[in-house]
>>> print(open('my_file06.cif').read())   # mmCIF, C-alpha atoms
data_start
#
loop_
_atom_site.label_atom_id
_atom_site.label_comp_id
_atom_site.auth_asym_id
_atom_site.auth_seq_id
_atom_site.Cartn_x
_atom_site.Cartn_y
_atom_site.Cartn_z
CA MET A 239 -85.04 -46.61 43.48
CA SER A 240 -85.11 -50.18 42.17
CA ASP A 241 -86.13 -50.47 38.53
CA PRO A 242 -89.94 -50.96 38.55
CA ASN A 243 -89.87 -52.30 34.99
CA ILE A 244 -87.43 -55.13 35.65
CA ASN A 245 -88.50 -58.55 34.38
CA PRO A 246 -89.80 -60.51 37.43
CA ARG A 247 -88.17 -63.65 36.02
CA ARG A 248 -84.75 -62.10 36.77
CA LEU A 249 -85.49 -61.71 40.50
CA VAL A 250 -84.56 -63.93 43.40
CA LYS A 251 -87.41 -63.54 45.90
CA ILE A 252 -86.42 -63.04 49.54
CA ASP A 253 -89.01 -63.82 52.21
CA ALA A 254 -88.71 -63.63 55.99
CA GLU A 255 -87.87 -67.33 56.34
CA ARG A 256 -86.76 -68.50 52.90
CA VAL A 257 -85.36 -67.57 49.51
CA ARG A 258 -87.31 -68.42 46.35
CA ASP A 259 -86.62 -68.60 42.61
CA VAL A 260 -82.89 -69.04 43.03
CA ALA A 261 -82.38 -70.84 39.70
CA SER A 262 -83.00 -69.14 36.38
CA SER A 263 -85.91 -70.37 34.30
CA ASP A 264 -85.05 -68.98 30.86
CA PHE A 265 -84.20 -72.28 29.22
CA PRO A 266 -85.94 -74.12 26.34
CA GLY A 267 -89.20 -75.85 27.19
CA HIS A 268 -89.88 -74.11 30.49
CA TYR A 269 -92.38 -71.54 29.20
CA PRO A 270 -94.91 -72.84 26.62
CA GLY A 271 -94.64 -71.10 23.28
CA GLU A 272 -91.32 -69.41 24.09
CA ASP A 273 -87.99 -70.25 22.49
CA ASN A 274 -85.32 -69.56 25.08
CA SER A 275 -82.51 -71.40 23.32
CA TRP A 276 -79.15 -69.65 23.62
CA ASN A 277 -78.59 -66.98 21.00
CA LEU A 278 -75.38 -64.99 20.58
CA GLU A 279 -77.06 -61.79 19.45
CA ALA A 280 -79.56 -61.89 22.32
CA PHE A 281 -76.72 -62.51 24.77
CA LYS A 282 -74.72 -59.57 23.40
CA SER A 283 -77.74 -57.26 23.65
CA LYS A 284 -78.18 -58.05 27.36
CA LEU A 285 -74.50 -58.08 28.36
CA VAL A 286 -73.45 -54.95 30.25
CA THR A 287 -70.24 -54.06 32.08
CA GLN A 288 -69.92 -50.80 33.95
CA ILE A 289 -67.17 -49.47 36.24
CA ASN A 290 -68.63 -47.76 39.30
CA ARG A 291 -65.49 -47.04 41.30
CA LEU A 292 -61.80 -47.20 40.40
CA SER A 293 -58.69 -46.41 42.44
CA GLU A 294 -55.03 -47.33 42.19
CA SER A 295 -55.62 -50.72 43.81
CA GLU A 296 -59.39 -51.34 43.85
CA ILE A 297 -62.25 -51.53 41.40
CA GLU A 298 -65.99 -52.02 41.70
CA PHE A 299 -67.82 -52.91 38.51
CA ASP A 300 -71.16 -54.33 37.43
CA LEU A 301 -71.40 -57.41 35.24
CA VAL A 302 -74.94 -57.87 33.94
CA GLY A 303 -76.46 -60.55 31.75
CA VAL A 304 -74.40 -63.64 32.60
CA ASP A 305 -75.12 -66.77 34.58
CA ALA A 306 -73.79 -67.20 38.12
CA ALA A 307 -71.49 -70.00 36.89
CA ILE A 308 -69.71 -67.56 34.55
CA ALA A 309 -69.43 -64.82 37.18
CA ASN A 310 -68.05 -67.29 39.70
CA ALA A 311 -65.59 -68.62 37.11
CA PHE A 312 -64.22 -65.10 36.68
CA ARG A 313 -63.94 -64.68 40.45
CA ARG A 314 -62.09 -67.96 40.92
CA ILE A 315 -59.75 -67.29 37.99
CA MET A 316 -58.87 -63.88 39.44
CA ILE A 317 -57.93 -65.52 42.73
CA ALA A 318 -56.15 -68.64 41.53
CA GLU A 319 -55.24 -68.71 37.84
CA ILE A 320 -53.89 -65.34 36.71
CA PRO A 321 -50.07 -65.58 36.88
CA THR A 322 -47.88 -63.23 38.92
CA ILE A 323 -44.28 -63.05 40.15
CA ALA A 324 -43.32 -64.05 43.70
CA VAL A 325 -40.28 -65.15 45.68
CA GLU A 326 -39.81 -68.91 45.24
CA HIS A 327 -36.26 -69.58 46.48
CA VAL A 328 -34.35 -67.82 49.26
CA TYR A 329 -30.61 -68.42 49.61
CA VAL A 330 -29.47 -67.45 53.10
CA PHE A 331 -25.78 -66.58 53.32
CA ASN A 332 -26.05 -64.92 56.72
CA ASN A 333 -28.92 -64.42 59.15
CA THR A 334 -28.07 -63.41 62.71
CA SER A 335 -31.48 -61.87 63.43
CA ILE A 336 -33.91 -63.53 65.84
CA ILE A 337 -36.18 -64.63 62.96
CA MET A 338 -35.57 -68.18 61.78
CA ASP A 339 -34.62 -68.75 58.15
CA GLU A 340 -37.88 -70.57 57.36
CA VAL A 341 -40.09 -67.86 58.89
CA LEU A 342 -38.20 -65.07 57.15
CA SER A 343 -38.40 -66.92 53.82
CA HIS A 344 -42.15 -67.30 54.26
CA ARG A 345 -42.54 -63.57 54.96
CA LEU A 346 -40.47 -62.71 51.88
CA GLY A 347 -42.58 -65.01 49.72
CA LEU A 348 -45.72 -63.07 50.62
CA VAL A 349 -44.30 -59.66 49.60
CA PRO A 350 -46.16 -58.57 46.42
CA ILE A 351 -43.70 -57.95 43.60
CA LYS A 352 -44.38 -55.09 41.18
CA PHE A 353 -43.43 -56.58 37.82
CA ASP A 354 -45.49 -57.53 34.79
CA PRO A 355 -45.51 -61.36 34.71
CA ARG A 356 -46.12 -61.31 30.97
CA LYS A 357 -42.48 -60.25 30.58
CA LEU A 358 -41.22 -63.47 32.20
CA GLU A 359 -41.28 -67.04 30.91
CA TRP A 360 -42.55 -70.01 32.91
CA GLN A 361 -39.94 -72.03 34.78
CA GLN A 362 -40.85 -75.64 34.13
CA PRO A 363 -39.85 -78.49 36.48
CA GLY A 364 -36.20 -79.30 35.85
CA ASP A 365 -35.42 -75.94 34.26
CA SER A 366 -32.48 -74.00 35.63
CA ALA A 367 -32.78 -70.34 36.53
CA ASN A 368 -31.90 -67.88 33.75
CA ASP A 369 -32.55 -64.29 32.80
CA GLN A 370 -35.74 -65.26 30.94
CA ASN A 371 -37.55 -67.04 33.78
CA THR A 372 -36.12 -65.60 37.02
CA VAL A 373 -35.88 -62.22 38.72
CA VAL A 374 -33.22 -61.92 41.43
CA PHE A 375 -33.22 -59.63 44.47
CA ASN A 376 -30.54 -59.13 47.10
CA LEU A 377 -31.30 -58.31 50.72
CA GLN A 378 -28.23 -57.09 52.58
CA VAL A 379 -28.89 -55.13 55.78
CA LYS A 380 -26.73 -54.66 58.88
CA CYS A 381 -27.93 -53.00 62.09
CA GLU A 382 -25.56 -50.61 63.83
CA ARG A 383 -25.72 -48.33 66.83
CA ASN A 384 -26.23 -44.64 66.10
CA LYS A 385 -23.20 -42.95 67.64
CA SER A 386 -24.85 -39.55 67.46
CA ALA A 387 -27.85 -40.59 69.58
CA LYS A 388 -28.33 -38.59 72.77
CA LYS A 389 -27.52 -40.14 76.13
CA GLY A 390 -30.58 -41.78 77.68
CA GLU A 391 -32.41 -42.03 74.33
CA THR A 392 -34.91 -44.90 74.24
CA ASP A 393 -36.44 -44.50 70.78
CA PRO A 394 -35.11 -47.37 68.59
CA ASP A 395 -35.46 -45.19 65.48
CA LYS A 396 -32.91 -42.78 67.00
CA LEU A 397 -30.75 -45.34 68.82
CA TYR A 398 -30.11 -47.69 65.89
CA ILE A 399 -29.43 -47.58 62.17
CA ASN A 400 -31.22 -50.13 59.95
CA HIS A 401 -32.98 -51.75 62.89
CA LYS A 402 -36.09 -52.21 60.71
CA VAL A 403 -35.74 -54.37 57.61
CA LEU A 404 -38.33 -53.16 55.10
CA SER A 405 -39.38 -54.32 51.66
CA ARG A 406 -37.67 -51.22 50.22
CA ASP A 407 -34.37 -52.95 51.14
CA LEU A 408 -34.95 -55.53 48.39
CA VAL A 409 -32.52 -54.56 45.62
CA TRP A 410 -33.05 -55.89 42.11
CA ASN A 411 -29.95 -57.67 40.79
CA PRO A 412 -30.14 -57.82 36.94
CA GLN A 413 -29.10 -61.18 35.47
CA GLY A 414 -27.72 -61.85 31.98
CA GLY A 415 -29.23 -59.42 29.50
CA GLN A 416 -31.80 -57.96 31.89
CA ALA A 417 -29.67 -54.85 32.55
CA GLU A 418 -29.98 -53.82 28.88
CA ASP A 419 -33.48 -55.13 28.22
CA PRO A 420 -36.14 -52.35 28.14
CA LEU A 421 -38.72 -54.89 29.36
CA PHE A 422 -36.87 -54.86 32.67
CA THR A 423 -35.20 -51.45 32.82
CA ASP A 424 -38.22 -49.32 31.82
CA ASP A 425 -40.12 -50.46 34.92
CA PRO A 426 -37.64 -52.34 37.14
CA PRO A 427 -38.87 -55.13 39.43
CA ARG A 428 -39.50 -53.98 43.00
CA ALA A 429 -41.69 -54.56 46.03
CA MET A 430 -45.20 -53.20 45.49
CA ASP A 431 -45.23 -51.53 48.92
CA PRO A 432 -41.84 -50.24 50.11
CA ASP A 433 -42.85 -50.14 53.79
CA ILE A 434 -43.65 -53.81 54.52
CA LEU A 435 -41.84 -54.76 57.73
CA LEU A 436 -39.82 -57.94 57.24
CA ALA A 437 -37.73 -58.13 60.41
CA LYS A 438 -36.35 -56.15 63.34
CA MET A 439 -32.71 -56.26 64.37
CA ARG A 440 -30.30 -54.90 66.95
CA PRO A 441 -26.65 -53.82 66.62
CA GLY A 442 -24.43 -56.65 65.44
CA GLN A 443 -27.24 -58.50 63.64
CA GLU A 444 -27.36 -58.64 59.85
CA LEU A 445 -29.03 -60.27 56.87
CA ASP A 446 -27.43 -61.38 53.61
CA LEU A 447 -29.91 -63.13 51.32
CA GLU A 448 -30.48 -63.76 47.63
CA LEU A 449 -34.08 -64.11 46.45
CA HIS A 450 -35.18 -65.81 43.22
CA CYS A 451 -38.63 -64.85 41.92
CA VAL A 452 -40.52 -66.96 39.38
CA LYS A 453 -43.85 -66.95 37.61
CA GLY A 454 -46.72 -68.89 39.20
CA ILE A 455 -50.45 -68.97 39.94
CA GLY A 456 -52.45 -68.80 43.15
CA GLN A 457 -53.68 -72.36 42.59
CA ASP A 458 -50.15 -73.50 43.49
CA HIS A 459 -49.58 -71.05 46.35
CA ALA A 460 -51.47 -68.04 47.72
CA LYS A 461 -48.37 -65.85 47.31
CA PHE A 462 -48.99 -65.89 43.54
CA SER A 463 -52.58 -64.63 43.83
CA PRO A 464 -52.89 -61.25 42.07
CA VAL A 465 -55.78 -60.11 44.27
CA ALA A 466 -56.17 -59.48 47.97
CA THR A 467 -59.95 -59.88 47.62
CA ALA A 468 -62.25 -60.72 44.73
CA THR A 469 -65.93 -60.92 45.62
CA TYR A 470 -69.31 -60.32 44.08
CA ARG A 471 -72.88 -59.87 45.27
CA LEU A 472 -76.22 -59.64 43.52
CA LEU A 473 -77.88 -56.25 43.06
CA PRO A 474 -80.54 -55.79 45.78
CA HIS A 475 -84.09 -55.04 44.65
CA ILE A 476 -86.64 -53.29 46.88
CA LYS A 477 -90.23 -52.90 45.70
CA LEU A 478 -92.95 -50.97 47.53
CA HIS A 479 -96.54 -52.00 46.83
CA ALA A 480 -97.89 -48.96 48.69
CA PRO A 481 -96.54 -45.74 50.24
CA ILE A 482 -95.02 -45.99 53.71
CA PRO A 483 -97.27 -44.31 56.32
CA SER A 484 -95.81 -41.11 57.75
CA ALA A 485 -95.78 -42.51 61.28
CA HIS A 486 -93.58 -45.44 60.20
CA ALA A 487 -91.18 -43.59 57.88
CA ASP A 488 -88.30 -43.39 60.36
CA LEU A 489 -88.77 -47.02 61.40
CA PHE A 490 -88.72 -48.06 57.75
CA ALA A 491 -85.47 -46.18 57.11
CA SER A 492 -83.82 -47.74 60.18
CA CYS A 493 -84.43 -51.22 58.76
CA PHE A 494 -81.91 -50.62 55.96
CA ALA A 495 -78.26 -49.66 55.69
CA PRO A 496 -77.50 -45.92 55.69
CA GLY A 497 -78.20 -44.27 52.36
CA VAL A 498 -80.73 -46.82 51.10
CA VAL A 499 -83.86 -44.94 52.23
CA ARG A 500 -84.36 -41.18 52.37
CA VAL A 501 -86.94 -39.63 54.69
CA SER A 502 -88.21 -36.18 53.73
CA ARG A 503 -91.03 -33.99 54.97
CA ASP A 504 -93.77 -32.70 52.70
CA PRO A 505 -93.76 -28.88 53.14
CA ALA A 506 -97.47 -28.69 52.34
CA THR A 507 -98.81 -31.36 54.70
CA GLY A 508 -95.89 -31.74 57.11
CA GLU A 509 -96.04 -35.52 56.77
CA LYS A 510 -92.91 -37.64 56.43
CA LYS A 511 -92.24 -39.48 53.20
CA ALA A 512 -89.90 -42.50 52.91
CA GLU A 513 -88.49 -43.43 49.52
CA VAL A 514 -85.88 -45.93 48.35
CA VAL A 515 -83.06 -43.93 46.73
CA ASN A 516 -80.08 -46.32 46.54
CA PRO A 517 -80.97 -50.02 46.80
CA ARG A 518 -77.45 -51.19 45.84
CA ARG A 519 -76.25 -50.12 49.31
CA ASP A 520 -78.66 -52.54 50.98
CA THR A 521 -77.25 -55.59 52.75
CA VAL A 522 -80.62 -57.43 52.47
CA SER A 523 -80.73 -58.08 56.21
CA ARG A 524 -84.51 -58.70 56.01
CA GLU A 525 -84.98 -56.58 59.13
CA VAL A 526 -87.94 -54.83 57.47
CA LEU A 527 -89.78 -58.16 57.16
CA ARG A 528 -89.79 -58.59 60.96
CA HIS A 529 -92.19 -55.66 61.41
CA LYS A 530 -95.90 -56.25 60.92
CA GLU A 531 -96.31 -52.57 59.96
CA PHE A 532 -94.73 -53.33 56.58
CA GLU A 533 -96.33 -56.71 55.93
CA GLY A 534 -97.58 -56.82 52.33
CA ILE A 535 -96.03 -53.44 51.54
CA VAL A 536 -92.37 -54.32 50.99
CA GLN A 537 -90.97 -57.01 48.69
CA LEU A 538 -87.24 -57.79 48.84
CA GLY A 539 -85.18 -59.52 46.20
CA ARG A 540 -81.96 -59.62 44.24
CA VAL A 541 -81.42 -59.42 40.50
CA ARG A 542 -80.16 -62.88 39.57
CA ASP A 543 -77.94 -61.86 36.65
CA HIS A 544 -76.65 -58.51 37.97
CA PHE A 545 -73.31 -59.02 39.74
CA ILE A 546 -71.50 -56.27 41.65
CA PHE A 547 -67.81 -57.19 41.71
CA SER A 548 -65.34 -55.77 44.24
CA VAL A 549 -61.70 -56.53 43.40
CA GLU A 550 -58.54 -55.38 45.18
CA SER A 551 -55.30 -55.91 43.27
CA THR A 552 -52.02 -56.68 45.05
CA GLY A 553 -50.17 -54.62 42.44
CA ALA A 554 -48.99 -56.99 39.70
CA TYR A 555 -51.89 -55.80 37.53
CA ALA A 556 -53.91 -52.61 37.50
CA PRO A 557 -57.40 -53.28 38.93
CA GLU A 558 -59.05 -52.59 35.57
CA GLU A 559 -56.90 -55.33 33.98
CA MET A 560 -58.18 -58.12 36.23
CA LEU A 561 -61.40 -58.94 34.33
CA PRO A 562 -59.75 -58.92 30.85
CA GLN A 563 -57.00 -61.17 32.22
CA ALA A 564 -59.61 -63.55 33.68
CA ILE A 565 -61.44 -63.64 30.34
CA SER A 566 -58.17 -64.45 28.57
CA VAL A 567 -57.48 -67.36 30.93
CA LEU A 568 -61.04 -68.66 30.51
CA ARG A 569 -60.71 -68.51 26.71
CA ASP A 570 -57.49 -70.54 26.90
CA LYS A 571 -59.24 -73.16 29.05
CA ILE A 572 -62.15 -73.37 26.60
CA HIS A 573 -59.68 -73.76 23.72
CA ALA A 574 -57.98 -76.63 25.57
CA VAL A 575 -61.34 -78.36 26.16
CA ARG A 576 -62.36 -77.97 22.53
CA LYS A 577 -59.02 -79.34 21.38
CA GLY A 578 -59.45 -82.34 23.67
CA LEU A 579 -62.99 -82.99 22.43
CA ASP A 580 -61.83 -82.74 18.82
CA GLY A 581 -59.20 -85.36 19.63
CA ILE A 582 -61.87 -87.68 21.03
CA MET A 583 -64.25 -87.18 18.11
CA ASN A 584 -61.54 -87.31 15.42
CA PRO A 585 -58.48 -89.16 16.78
CA ALA A 586 -56.86 -89.56 13.35
CA ALA A 587 -56.79 -85.79 12.74
CA ALA A 588 -55.55 -85.18 16.29
CA ALA A 589 -52.69 -87.63 15.80
CA SER A 590 -51.80 -85.96 12.52
CA ASP A 591 -51.77 -82.49 14.16
CA ALA A 592 -49.62 -83.81 17.02
CA GLY A 593 -47.12 -85.29 14.58
CA ALA A 594 -46.95 -82.05 12.60
CA GLY A 595 -46.38 -80.11 15.81
CA ALA A 596 -43.56 -82.45 16.86
CA GLU A 597 -41.86 -82.03 13.46
CA GLU A 598 -42.04 -78.23 13.76
CA GLU A 599 -40.44 -78.39 17.23
CA MET A 600 -37.63 -80.58 15.89
CA GLU A 601 -37.00 -78.17 13.00
CA GLU A 602 -36.88 -75.20 15.41
CA SER A 603 -34.42 -76.97 17.71
#
>>> encode(input="my_file06.cif", output="C-alpha cells")
Amino acid sequence: MSDPNINPRRLVKIDAERVRDVASSDFPGHYPGEDNSWNLEAFKSKLVTQINRLSESEIEFDLVGVDAAIANAFRRIMIAEIPTIAVEHVYVFNNTSIIMDEVLSHRLGLVPIKFDPRKLEWQQPGDSANDQNTVVFNLQVKCERNKSAKKGETDPDKLYINHKVLSRDLVWNPQGGQAEDPLFTDDPPRAMDPDILLAKMRPGQELDLELHCVKGIGQDHAKFSPVATATYRLLPHIKLHAPIPSAHADLFASCFAPGVVRVSRDPATGEKKAEVVNPRRDTVSREVLRHKEFEGIVQLGRVRDHFIFSVESTGAYAPEEMLPQAISVLRDKIHAVRKGLDGIMNPAAAASDAGAGAEEEMEES
C-alpha cells in the first residue's frame, strides 16, 4: 500500500483531466516561517538509493530525494556521455558478399564491444592509431560448400560452411605491447554477444576486413552509448479515503495493472475486500477516475522526488556501474564549470595557473 504518512508536499496530484502540483514548493520564501534553504545535512538525510532488481545486463533502482533536473541529468549522461569502445574505421581488403561495404561497416559499428574503456586512451583529432588508443579486430570468413552434405539437402546450415558471418568471427589482433599487457590479456576485447548476425554468404563469397575500435561517447554517435535503454518514472501513489464497497471490488481491481490491487473475501461476512498491495506496478492510467462509483474515494498521484530507474547495459559496463559512472561524469562537468567561473571572477589567478600548467607540460615533454 502507498505510504499513508508521506508528506503531501511531495505528491504530484493526478485528476481525471489534469495534473496538479508538478513543481516542488520547498524553496525559501514559499511557506511563511519556514526556512527551506538548501542544506547539505538535510539533503543527505533524505537521499536514498536502493537496488530492486539486478541481472547481468539490467538493473532497476530507486533514487529518492533529488530534484527531477538531477535525475534527468543522470539519465542523459548514461545515454550520451559515458565513454565506451566501438568500431570507428573499417578497412575492406575483400568483400564479395551481397552486402555493400558501407552497410556492412555500419552494422559492424553497432556491435557492442566487451572491453573496459577506462583501459584505453582518447584518440584526439590528428592522432595516429597506436596500441594505447586503438583496439584492432580482424574479420576473415570464406563460405564453402559442405562436400559431406546429403544429396537433395536444402538446409543452408548443412549445405554450406561459414554461410553465416557472426560477431564471434571478430578476432582480436593485439597491437604493439597489448599482447603482453595484463590490461588487455586478462579480459581480451571481444564482441559482447557472439551470435549477432553480420552477413550471409554463399560458396565463393568471402570477407577480409580490419576493424579499428576507439573510445567515444554517445553524444557523438549512438554506437558509443553504453545503454540500450535508460528510463525513469515517478513512484505511483494511491490513497483511499474510504473502503471500496464489496459490490465494486472486482471493478476497482480491473482499473489497475495486474498486481496493484488484491481482492480477498472476508471468511466471516463473505464480502469482498479490495486493498492496494503494490502501487509501484501501477501505470497511472486514470481508468479508476472514469467511474462514478469511486468518485471522492480514490486519489491518484506520484511522488515527485522518488524516481524508479530502469537501465539496460549493452555490456561495456556492469549495470550496477552505470549510476556511479554517471555521477563521475557529472562531477567532472561541475569541476569544469567551477574552474571557468573562477577564471571569470579572478582572471589574474587563472592566467597564472594556465602558465604554470603550460610550464609543467613543457618539462614533461
>>> residues_around(input="my_file06.cif", residues="Arg314 in chain A", least_positions_apart="6", cutoff="10 Å", atoms="only C-alpha atoms", output="number ranges by chain")
A: 308, 320, 456-457, 468-469, 564
>>> residues_around(input="my_file06.cif", residues="range 546-549 of chain A", least_positions_apart="3", cutoff="6 Å", atoms="all atoms listed in the file", output="number ranges by chain")
A: 296-300, 467-471
>>> resolve_selection(input="my_file06.cif", expression="the PyMOL selection byres ((chain A and resi 450-454) around 6)", output="list in words")
Pro321, Thr322, Ile323, Ala324, Val325, Glu326, His327, Trp360, Thr372, Val373, Val374, Leu449, Ile455 and Phe462 of chain A
>>> atom_distance(input="my_file06.cif", atom1="CA of Leu421 in chain A", atom2="CA of Val330 in chain A")
28.4 Å
>>> residues_around(input="my_file06.cif", residues="Leu447 in chain A", least_positions_apart="5", cutoff="6 Å", atoms="all atoms listed in the file", output="count of residues only")
5
>>> resolve_selection(input="my_file06.cif", expression="the PyMOL selection byres ((chain A and resi 272-281) around 12)", output="list in words")
Ser262, Ser263, Asp264, Phe265, Pro266, Gly267, His268, Tyr269, Pro270, Gly271, Lys282, Ser283, Lys284, Leu285, Val286, Val302, Gly303, Val304, Asp305 and Asp543 of chain A
>>> resolve_selection(input="my_file06.cif", expression="the PyMOL selection byres ((chain A and resi 491) around 12)", output="count of residues only")
32
>>> atom_distance(input="my_file06.cif", atom1="CA of Ser335 in chain A", atom2="CA of Leu404 in chain A")
13.9 Å
>>> residues_around(input="my_file06.cif", residues="Ile351 in chain A", least_positions_apart="5", cutoff="7 Å", atoms="all atoms listed in the file", output="PyMOL selection string")
chain A and resi 323-324+427-430+554
>>> atom_distance(input="my_file06.cif", atom1="CA of Ala387 in chain A", atom2="CA of Ile336 in chain A")
24.0 Å
>>> residues_around(input="my_file06.cif", residues="Lys477 in chain A", least_positions_apart="2", cutoff="7 Å", atoms="all atoms listed in the file", output="ChimeraX atom specification")
/A:240,475,479,536-538
>>> write_last_selection(input="my_file06.cif", atoms="C-alpha atoms", output="short mmCIF file (atom, residue, chain, number, x, y, z; two decimals), in the frame of the given file")
data_model
loop_
_atom_site.label_atom_id
_atom_site.label_comp_id
_atom_site.auth_asym_id
_atom_site.auth_seq_id
_atom_site.Cartn_x
_atom_site.Cartn_y
_atom_site.Cartn_z
CA SER A 240 -85.11 -50.18 42.17
CA HIS A 475 -84.09 -55.04 44.65
CA HIS A 479 -96.54 -52.00 46.83
CA VAL A 536 -92.37 -54.32 50.99
CA GLN A 537 -90.97 -57.01 48.69
CA LEU A 538 -87.24 -57.79 48.84
#
>>> closest_residue(input="my_file06.cif", among="A:Phe375, A:Trp410, A:Phe312, A:Tyr398", to="Pro426 in chain A", atoms="only C-alpha atoms")
A:Trp410
